[in-house]
Every structure is written in C-alpha cells, then in structure tokens.
Amino acid sequence: MNRYPPYQPLHPPTGPAAMILPSVILGPLGLLALGGGQEAMRSSVLLGSLYCAGGLLIFSFLAFCLALHIRAQRVWDWHVRTGRMPYFRKNGFWKGAGLGSIVGLAVVIAAAWFGLKYAEHPVYGPVATMAFYGAWLYGVFLIGVLALVTGWVKRAWDRTALPSA
C-alpha cells in the first residue's frame with residue numbers, strides 16, 4: 001500500500017470578490033475619518049491630521065488585503081499550471097518583526113528627541129511636551145505593536161509570493 005506524505009489540501013483562494021464586504025464596511029468608515037479630519041482641521045490641525053491618518057490607514061489596509069488576494073490568485077495559477085505544491089519562505093515573521101521594532105524604536109527616539117529639543121519653543125512647546133510624554137508612556141507599547149503588525153504583514157506577503165523556479 002502506498003503511503004504518501006500528508007500534504008495540506010489546497011483550495012482555490014476566494015479572489016478579489018471577497019473584498020466586497022470589507023470594502024462596504026470599512027470604506028465608509030475610512031471616508032468618515034477623512035471627512036471628519038478635514039472638518040476638524042478648522043479648529044485643530046493636529047487632531048484633524050490624526051483623523052485623516054486613521055482614514056488613510058483604513059484605505060491602506062484595504063489595498064493591502066486586495067494585493068494579497070491578487071497574489072494568492074497568482075500562486076494558485078502557478079500551482080494549477082505546474083502541478084507542484086508551493087513552499088513558503090522561512091522566518092518571514094521574525095524578519096518583519098525585527099524591521100518593525102527598529103522602526104518603532106526610531107519613532108520613539110525621534111519623539112523623545114523632539115520633546116527634549118523643542119519643549120521651551122513658543123510654538124512647538126505643547127506638542128513637543130506631548131511627544132516626550134508619549135514616547136516614555138507608550139514607547140514600549142508602540143514598539144511591540146509595530147513589531148507584531150509588521151511581522152504578520154511580512155509573513156502574509158511571503159505566503160503569497162510565487163515560488164522561484
């Protein structure tokens with residue numbers, strides 16, 4: 001009796017049509033954040049920019065998910081054409097987490113430096129003080145979240161890459 005190694009069964013990916021529901025739910029939320037940010041910029045530019053950044057983050061998440069769907073379709077097409085099983089790169093999460101932690105550490109150091117340098121400035125004083133306090137209060141949290149998110153993004157990107165010939 002032949003005993004073949006147990007492979008995970010491959011199912012075709014859902015494709016870009018699966019992005020309809022997330023786009024219907026998150027699209028208006030992103031537009032609301034962008035519109036609210038533009039309205040809030042009349043009174044506070046900093047708060048309006050924060051709202052607009054949230055809207056742009058939502059739209060960039062949707063664009064990233066669409067790119068993953070398209071790349072998964074390309075991997076499925078490669079599998080159907082060649083008949084081979086795709087293999088995935090190793091250590092993608094850890095490479096992304098390392099990059100995310102370096103970027104997070106750079107942001108925290110830049111915010112702390114900005115707070116130290118411009119704390120007495122007449123225009124930037126309150127913002128610099130908030131940046132300094134934010135760097136010390138939320139710096140470790142920011143580094144950890146950026147490391148996790150970047151690690152997951154790198155892993156997902158590697159999982160949808162076409163294997164080399």
# chains A, B, ... in the order shown; residues from 1 in each chain; ligands from 1
$ residues_around --residues "region 148-151 of chain A" --least-positions-apart "3" --cutoff "6 Å" --atoms "only C-alpha atoms" --output "JSON, numbers by chain"
{"A": [93, 96, 97, 100, 145, 154]}
$ select_by_dssp --residues "chain A" --states "alpha helix (DSSP H)" --output "JSON, numbers by chain"
{"A": [20, 21, 22, 23, 24, 25, 26, 27, 28, 29, 30, 31, 32, 33, 34, 35, 36, 37, 38, 39, 40, 45, 46, 47, 48, 49, 50, 51, 52, 53, 54, 55, 56, 57, 58, 59, 60, 61, 62, 63, 64, 65, 66, 67, 68, 69, 70, 71, 72, 73, 74, 75, 76, 77, 78, 79, 80, 81, 82, 92, 93, 94, 95, 96, 97, 98, 99, 100, 101, 102, 103, 104, 105, 106, 107, 108, 109, 110, 111, 112, 113, 114, 115, 116, 117, 125, 126, 127, 128, 129, 130, 131, 132, 133, 134, 135, 136, 137, 138, 139, 140, 141, 142, 143, 144, 145, 146, 147, 148, 149, 150, 151, 152, 153, 154, 155, 156, 157, 158, 159]}
$ residues_around --residues "Gly134 (chain A)" --least-positions-apart "6" --cutoff "12 Å" --atoms "only C-alpha atoms" --output "number ranges by chain"
A: 107-115, 127-128, 140-142
